[in-house]
Every structure is written in structure tokens, then in C-alpha cells.
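Novice: This is model34.txt (compact mmCIF, C-alpha atoms).
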# COMPACT_ATOMS: atom_id res chain seq x y z
CA MET A 24 60.82 -21.68 -33.05
CA ASP A 25 59.62 -24.74 -35.01
CA LEU A 26 61.60 -27.51 -33.33
CA GLU A 27 60.56 -30.18 -35.80
CA GLN A 28 61.70 -28.07 -38.76
CA ILE A 29 65.06 -27.44 -37.05
CA ARG A 30 65.39 -31.18 -36.29
CA PHE A 31 64.59 -31.95 -39.94
CA ASN A 32 67.24 -29.43 -41.07
CA MET A 33 69.82 -31.02 -38.74
CA VAL A 34 69.22 -34.43 -40.31
CA GLU A 35 69.12 -33.19 -43.92
CA GLN A 36 71.94 -30.63 -43.77
CA GLN A 37 74.39 -32.16 -41.27
CA ILE A 38 73.76 -35.85 -40.90
CA ARG A 39 72.81 -37.15 -44.36
CA PRO A 40 75.72 -35.30 -46.03
CA TRP A 41 78.03 -37.12 -43.62
CA ASP A 42 77.02 -40.44 -45.24
CA VAL A 43 74.50 -41.39 -42.56
CA LEU A 44 71.82 -43.00 -44.74
CA ASP A 45 70.59 -45.83 -42.49
CA GLN A 46 66.84 -45.25 -42.30
CA GLU A 47 66.53 -46.79 -38.82
CA VAL A 48 69.19 -44.43 -37.47
CA LEU A 49 67.58 -41.39 -39.12
CA LYS A 50 64.14 -42.38 -37.81
CA LEU A 51 65.52 -42.68 -34.29
CA LEU A 52 66.96 -39.16 -34.48
CA PHE A 53 63.46 -37.85 -35.07
CA GLU A 54 61.96 -39.96 -32.27
CA LEU A 55 64.47 -39.38 -29.46
CA ARG A 56 64.48 -35.66 -28.68
CA ARG A 57 68.08 -34.53 -28.48
CA GLU A 58 67.23 -31.15 -26.93
CA GLU A 59 65.88 -32.89 -23.83
CA PHE A 60 69.35 -34.33 -23.11
CA VAL A 61 71.13 -30.98 -23.48
CA PRO A 62 71.81 -28.80 -20.39
CA ALA A 63 69.14 -26.07 -20.17
CA ALA A 64 71.64 -23.24 -20.75
CA TYR A 65 72.59 -24.69 -24.15
CA ARG A 66 69.23 -26.03 -25.30
CA SER A 67 69.06 -23.54 -28.18
CA LEU A 68 72.23 -25.16 -29.59
CA ALA A 69 70.86 -28.72 -29.47
CA PHE A 70 70.73 -29.04 -33.27
CA VAL A 71 73.88 -27.10 -34.15
CA ASP A 72 76.89 -28.87 -35.69
CA MET A 73 79.09 -28.51 -32.61
CA GLU A 74 80.04 -30.12 -29.31
CA ILE A 75 77.95 -28.89 -26.38
CA PRO A 76 79.56 -28.23 -22.97
CA LEU A 77 78.27 -30.47 -20.18
CA GLY A 78 80.47 -29.00 -17.45
CA TYR A 79 83.31 -30.76 -15.61
CA GLY A 80 85.48 -30.46 -18.72
CA GLU A 81 83.21 -32.76 -20.73
CA VAL A 82 81.15 -32.23 -23.89
CA MET A 83 78.28 -33.78 -25.80
CA LEU A 84 79.48 -35.02 -29.20
CA ALA A 85 78.29 -33.27 -32.37
CA PRO A 86 75.01 -34.71 -33.75
CA LYS A 87 76.58 -36.04 -36.96
CA LEU A 88 79.23 -37.95 -35.01
CA GLU A 89 76.64 -39.57 -32.74
CA ALA A 90 74.63 -40.61 -35.79
CA ARG A 91 77.68 -41.93 -37.64
CA ILE A 92 78.77 -43.99 -34.61
CA LEU A 93 75.32 -45.54 -34.43
CA GLN A 94 75.33 -46.38 -38.13
CA GLU A 95 78.86 -47.83 -38.21
CA LEU A 96 78.22 -50.14 -35.24
CA GLN A 97 75.09 -51.68 -36.85
CA VAL A 98 73.57 -52.31 -33.42
CA LYS A 99 71.18 -55.27 -33.25
CA LYS A 100 68.31 -55.97 -30.85
CA THR A 101 70.31 -58.77 -29.18
CA ASP A 102 73.45 -56.69 -28.56
CA ARG A 103 74.97 -56.15 -25.13
CA ILE A 104 76.80 -52.84 -25.22
CA LEU A 105 79.57 -51.12 -23.26
CA GLU A 106 79.70 -47.32 -23.49
CA VAL A 107 82.74 -45.56 -22.03
CA GLY A 108 81.67 -42.05 -21.03
CA SER A 109 77.95 -41.49 -20.42
CA GLY A 110 77.88 -37.71 -20.77
CA SER A 111 74.28 -36.51 -20.85
CA GLY A 112 72.96 -39.99 -21.61
CA TYR A 113 71.87 -39.19 -25.18
CA LEU A 114 74.13 -41.66 -26.98
CA SER A 115 73.36 -44.19 -24.22
CA ALA A 116 69.66 -43.74 -25.05
CA LEU A 117 70.23 -44.13 -28.80
CA LEU A 118 72.22 -47.33 -28.19
CA ALA A 119 69.55 -48.62 -25.79
CA LYS A 120 66.82 -48.06 -28.38
CA LYS A 121 68.76 -50.19 -30.86
CA GLY A 122 70.32 -52.84 -28.59
CA GLU A 123 69.32 -55.20 -25.79
CA TYR A 124 71.23 -53.70 -22.86
CA VAL A 125 73.75 -50.91 -22.30
CA TYR A 126 76.35 -50.71 -19.54
CA SER A 127 77.54 -47.11 -19.51
CA VAL A 128 80.54 -46.12 -17.36
CA GLU A 129 81.03 -42.48 -16.33
CA ILE A 130 83.98 -41.16 -14.31
CA VAL A 131 82.32 -37.85 -13.23
CA PRO A 132 79.67 -38.38 -10.49
CA GLU A 133 77.64 -35.31 -11.54
CA LEU A 134 77.44 -36.54 -15.15
CA LYS A 135 76.46 -40.01 -13.99
CA ALA A 136 73.56 -38.37 -12.15
CA MET A 137 72.66 -36.26 -15.21
CA ALA A 138 72.64 -39.29 -17.52
CA GLU A 139 70.52 -41.34 -15.09
CA LYS A 140 68.01 -38.50 -14.69
CA ASN A 141 67.68 -38.04 -18.47
CA LEU A 142 67.30 -41.78 -19.10
CA GLN A 143 64.67 -42.11 -16.38
CA ALA A 144 62.76 -39.11 -17.77
CA HIS A 145 62.53 -40.94 -21.11
CA GLU A 146 61.60 -44.25 -19.44
CA ILE A 147 64.66 -46.01 -20.84
CA GLY A 148 65.19 -48.93 -18.51
CA ASN A 149 67.75 -51.05 -20.36
CA VAL A 150 70.76 -48.93 -19.36
CA THR A 151 72.87 -49.20 -16.22
CA VAL A 152 75.06 -46.17 -15.57
CA GLU A 153 78.04 -47.06 -13.40
CA LEU A 154 80.57 -44.78 -11.74
CA GLY A 155 84.11 -45.70 -12.63
CA ASP A 156 87.18 -45.26 -14.81
CA ALA A 157 86.84 -47.43 -17.92
CA ALA A 158 89.48 -45.63 -20.03
CA CYS A 159 91.61 -48.77 -20.12
CA GLY A 160 88.80 -51.35 -20.22
CA TRP A 161 85.74 -52.57 -18.33
CA SER A 162 85.40 -56.34 -18.45
CA GLU A 163 82.87 -56.60 -15.60
CA HIS A 164 79.84 -57.39 -17.79
CA GLY A 165 81.74 -58.69 -20.82
CA PRO A 166 82.18 -60.03 -23.32
CA TYR A 167 80.24 -57.44 -25.30
CA ASP A 168 78.72 -57.29 -28.77
CA VAL A 169 79.41 -53.56 -29.05
CA ILE A 170 81.86 -51.19 -27.34
CA VAL A 171 81.82 -47.40 -27.82
CA LEU A 172 84.45 -44.97 -26.55
CA THR A 173 82.94 -41.46 -26.46
CA GLY A 174 86.32 -39.79 -25.90
CA SER A 175 89.56 -40.27 -27.78
CA THR A 176 92.54 -42.32 -26.66
CA PRO A 177 96.15 -41.87 -27.87
CA VAL A 178 96.58 -45.65 -27.71
CA LEU A 179 93.76 -48.21 -27.87
CA PRO A 180 94.10 -50.56 -24.88
CA GLU A 181 94.01 -54.25 -25.87
CA ALA A 182 91.52 -54.88 -23.06
CA PHE A 183 88.73 -53.47 -25.23
CA GLN A 184 89.38 -55.84 -28.11
CA GLN A 185 89.67 -58.74 -25.69
CA SER A 186 86.23 -57.86 -24.29
CA LEU A 187 84.51 -58.33 -27.66
CA LYS A 188 82.51 -61.42 -28.55
CA THR A 189 83.20 -63.00 -31.93
CA GLY A 190 81.47 -60.68 -34.38
CA GLY A 191 81.60 -57.85 -31.84
CA ARG A 192 82.30 -54.26 -32.93
CA LEU A 193 84.32 -51.53 -31.25
CA PHE A 194 84.22 -47.84 -32.14
CA ALA A 195 87.13 -45.71 -30.95
CA VAL A 196 88.82 -42.45 -31.92
CA VAL A 197 92.56 -43.05 -31.66
CA GLY A 198 95.50 -40.67 -31.79
CA ASP A 199 96.64 -37.24 -30.63
CA ALA A 200 95.31 -33.80 -31.59
CA PRO A 201 95.04 -32.32 -34.14
CA VAL A 202 94.61 -35.47 -36.23
CA MET A 203 92.86 -38.57 -34.91
CA GLN A 204 91.39 -41.56 -36.70
CA ALA A 205 87.96 -43.05 -36.01
CA LEU A 206 88.34 -46.82 -36.09
CA LEU A 207 85.89 -49.70 -36.31
CA VAL A 208 87.40 -52.89 -34.89
CA THR A 209 85.58 -56.19 -35.46
CA CYS A 210 86.44 -59.37 -33.57
CA VAL A 211 86.78 -62.08 -36.23
CA ALA A 212 87.73 -64.83 -33.78
CA GLN A 213 88.18 -64.89 -30.02
CA GLY A 214 91.32 -66.31 -28.50
CA GLU A 215 92.35 -66.78 -24.89
CA LYS A 216 95.47 -64.69 -25.41
CA THR A 217 95.33 -63.44 -28.99
CA GLY A 218 92.15 -63.09 -30.97
CA ALA A 219 91.81 -62.07 -34.60
CA TYR A 220 90.58 -58.55 -35.31
CA ASN A 221 89.75 -56.56 -38.42
CA THR A 222 90.37 -52.80 -38.13
CA VAL A 223 88.94 -50.26 -40.56
CA GLY A 224 89.80 -46.55 -40.56
CA LEU A 225 86.51 -44.66 -40.98
CA PHE A 226 87.37 -40.95 -41.02
CA GLU A 227 89.63 -38.35 -39.44
CA THR A 228 88.28 -36.29 -36.56
CA CYS A 229 89.38 -34.70 -33.31
CA ILE A 230 87.55 -35.08 -30.00
CA ALA A 231 88.54 -34.60 -26.37
CA PRO A 232 90.41 -37.50 -24.78
CA LEU A 233 88.96 -39.74 -22.11
CA LYS A 234 90.12 -38.87 -18.63
CA ASN A 235 93.07 -41.14 -17.77
CA ALA A 236 93.32 -42.38 -21.37
CA LYS A 237 96.23 -44.74 -21.98
CA GLN A 238 99.34 -42.86 -23.11
CA PRO A 239 102.04 -44.16 -25.46
CA ALA A 240 105.62 -44.45 -24.32
CA ARG A 241 106.91 -41.02 -25.36
CA PHE A 242 110.56 -40.35 -26.15
CA THR A 243 112.25 -37.97 -23.73
CA PHE A 244 115.77 -36.58 -23.74
For this file, write the structure as C-alpha cells.
Specialist:
Amino acid sequence: MDLEQIRFNMVEQQIRPWDVLDQEVLKLLFELRREEFVPAAYRSLAFVDMEIPLGYGEVMLAPKLEARILQELQVKKTDRILEVGSGSGYLSALLAKKGEYVYSVEIVPELKAMAEKNLQAHEIGNVTVELGDAACGWSEHGPYDVIVLTGSTPVLPEAFQQSLKTGGRLFAVVGDAPVMQALLVTCVAQGEKTGAYNTVGLFETCIAPLKNAKQPARFTF
């Protein structure tokens, strides 16, 4: 099996056609070996256009979605980043390669350990993986330049927007299955109580919700 040819095919057949054309992002996908962050039992599926089971009810996002997130956020070398849901640590590693520092919060202890092990194996030292529930916000190290939610949320908690610096970007998938919207929220101006935010709908998708994601008030008889 020629891994480099398969990696090349993943980029050319899945990722480029999904409007990921940022050369820095594409270059990083060749440099950071995705298969080394995939559980051993699923390593043969590392380059397939699908979510990969991580256990504990969690999955690794499809490669094209990881790449698109990275492109849309336009991560800079000076960015301090919050990632909600560490998973295997692959997206954490991509963000760390682009930004200054990543605070990644994982609710499942076993996945926290997996992410830390994978990051250490790749000598990525600018990520702290913390155990906790950040589904409704994580202001501890804020404000942030970039926030990424790796699971969906029916309602986007205001705490995330309020944790953005001016110019900061937030990626979130919002809504209920089967139709959800990927959003990019940019903080135009910070305010003590109400800031100004610009929200752009990027594309429709459907991914698993964050554990303990905020729920809307639902009508009941």
C-alpha cells in the first residue's frame, strides 16, 4: 500500500473538490500524518471520506471537514485557540501547527489520554489537553483568537462569542439532525455585555452533537 499516493488521492479527490484551496492547509495535510492519529483497528480507513470511530460514542471528523475548518478559520501564528472536543488529537495538532497555542477540552478521560499520547508522539508541545465539559463555554484561558467546536450544538451558547477577542473567529455546527449549518462567527467589536458579531453560513452538514450540548426550549403539550 503506497501511503503517499493514497494521501495524495485524499487531498485531490476529497479535499480540493470541497473548495479547500489554501496551499498552507494542503501542505500541512501532507506533513502531519493523519493515519498516526487513527485508532489501530481503523488505520486502513484513515484517508476515506468518513467519520472514524474513536470509542466512547465519539468519532474523528471526515478529512475534508477538518481541512475546511482549518481553512475557514484562517489561523495565524499569533492565535490562541480553544478547541472543544479533543478526540484523537489530530485537529488539535493541525491547529497547533498553524497557531501559537491550543487549549483543547475533552470530556472523556480515555480520549484525553489518547490525544495527549498522540500529540506527545509527534512532539507537539503547544497544546494543553484539559479534562472538562466545555459544551457551554470555557472562559478559563480566554479571550481567544479562535474557537472550534468539533461536535454540533442545537443552540450556540453566547459564552463562546463572548470569549472571542476582537477579530476572533468561531467555527460551530449548529442545529438538529438531519440538517445542520456550519457557521463562522467573527467578533467585530467586543462589549462588556453585548459585542458585535458577524455570522456567515458556510455549508450544510450533519455531525454528532457535543455531550451536554445546550438544548433549545422545546414546546411540549
Novice: Figure out the distance between atom CA of His164 of chain A and atom CA of Leu207 of chain A, please, to one decimal in Å.
Specialist: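 Going from atom CA of Leu207 of chain A over to atom CA of His164 of chain A covers 20.9 Å.
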Novice: Contacts of segment 216-228 of chain A at 6 Å or less, counting all atoms listed in the file, minus same-chain residues fewer than 2 places along, as a list in words?
Specialist: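 Returned residues: Met203, Gln204, Ala205, Leu206, Leu207, Val208, Thr209, Cys210, Val211, Ala212, Gln213 and Gly214 of chain A.
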Novice: May I have the residues from that selection written out with C-alpha atoms, as a PDB file, in the frame of the given file?
Specialist:
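Produced file result.pdb, reproduced below:
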ATOM      1  CA  MET A 203      92.860 -38.570 -34.910  1.00  0.00           C
ATOM      2  CA  GLN A 204      91.390 -41.560 -36.700  1.00  0.00           C
ATOM      3  CA  ALA A 205      87.960 -43.050 -36.010  1.00  0.00           C
ATOM      4  CA  LEU A 206      88.340 -46.820 -36.090  1.00  0.00           C
ATOM      5  CA  LEU A 207      85.890 -49.700 -36.310  1.00  0.00           C
ATOM      6  CA  VAL A 208      87.400 -52.890 -34.890  1.00  0.00           C
ATOM      7  CA  THR A 209      85.580 -56.190 -35.460  1.00  0.00           C
ATOM      8  CA  CYS A 210      86.440 -59.370 -33.570  1.00  0.00           C
ATOM      9  CA  VAL A 211      86.780 -62.080 -36.230  1.00  0.00           C
ATOM     10  CA  ALA A 212      87.730 -64.830 -33.780  1.00  0.00           C
ATOM     11  CA  GLN A 213      88.180 -64.890 -30.020  1.00  0.00           C
ATOM     12  CA  GLY A 214      91.320 -66.310 -28.500  1.00  0.00           C
TER      13      GLY A 214
END
Novice: Find the nearest atom pair between each residue of segment 50-160 of chain A and segment 183-192 of chain A for residues within 10 Å, count all atoms listed in the file, give distances in Å to one decimal, sort rows by chain and ascending number, and present the table as CSV.
Specialist:
residue,atom,partner,partner_atom,distance
A:Glu95,CA,A:Arg192,CA,9.0
A:Leu96,CA,A:Arg192,CA,6.2
A:Gln97,CA,A:Arg192,CA,8.6
A:Val98,CA,A:Arg192,CA,9.0
A:Asp102,CA,A:Gly191,CA,8.9
A:Arg103,CA,A:Gly191,CA,9.6
A:Ile104,CA,A:Arg192,CA,9.6
A:Leu105,CA,A:Ser186,CA,9.5
A:Ala157,CA,A:Phe183,CA,9.7
A:Ala158,CA,A:Phe183,CA,9.4
A:Cys159,CA,A:Phe183,CA,7.5
A:Gly160,CA,A:Phe183,CA,5.4
Novice: Between A:Glu153, A:Glu139, A:Glu133, A:Glu123, which is the closest to Gly80 of chain A once you count only C-alpha atoms?
Specialist: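 Going through A:Glu153, A:Glu139, A:Glu133, A:Glu123 one by one, the smallest distance to Gly80 of chain A is for A:Glu133.
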Novice: Which residues, written as a PDB file with C-alpha atoms, in the frame of the given file, have at least one atom at most 9 Å from Glu81 of chain A, with all atoms listed in the file counted and residues fewer than 6 positions away on the same chain left out?
Specialist:
ATOM      1  CA  ILE A  75      77.950 -28.890 -26.380  1.00  0.00           C
ATOM      2  CA  GLY A 110      77.880 -37.710 -20.770  1.00  0.00           C
ATOM      3  CA  LEU A 134      77.440 -36.540 -15.150  1.00  0.00           C
ATOM      4  CA  ALA A 231      88.540 -34.600 -26.370  1.00  0.00           C
TER       5      ALA A 231
END
Novice: Quick one: residues within 10 Å of Ile130 of chain A, all atoms listed in the file counted, chain neighbours fewer than 5 positions away excluded, as a PyMOL selection string?
Specialist: chain A and resi 107-110+135+153-158+233-235
Novice: So which one's closest to Leu117 of chain A, A:Leu51, A:Val197, A:Val169, A:Val43? Using all atoms listed in the file, please.
Specialist: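 Looking only at the distances to Leu117 of chain A, the closest residue turns out to be A:Leu51.
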Novice: Enter the distance from atom CA of Lys140 of chain A to atom CA of Val152 of chain A, in Å, rounded to one decimal.
Specialist: 10.5 Å
Novice: What does the distance between atom CA of Asp72 of chain A and atom CA of Ala85 of chain A come to in Å, to one decimal place?
Specialist: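 Separation of atom CA of Asp72 of chain A and atom CA of Ala85 of chain A: 5.7 Å.
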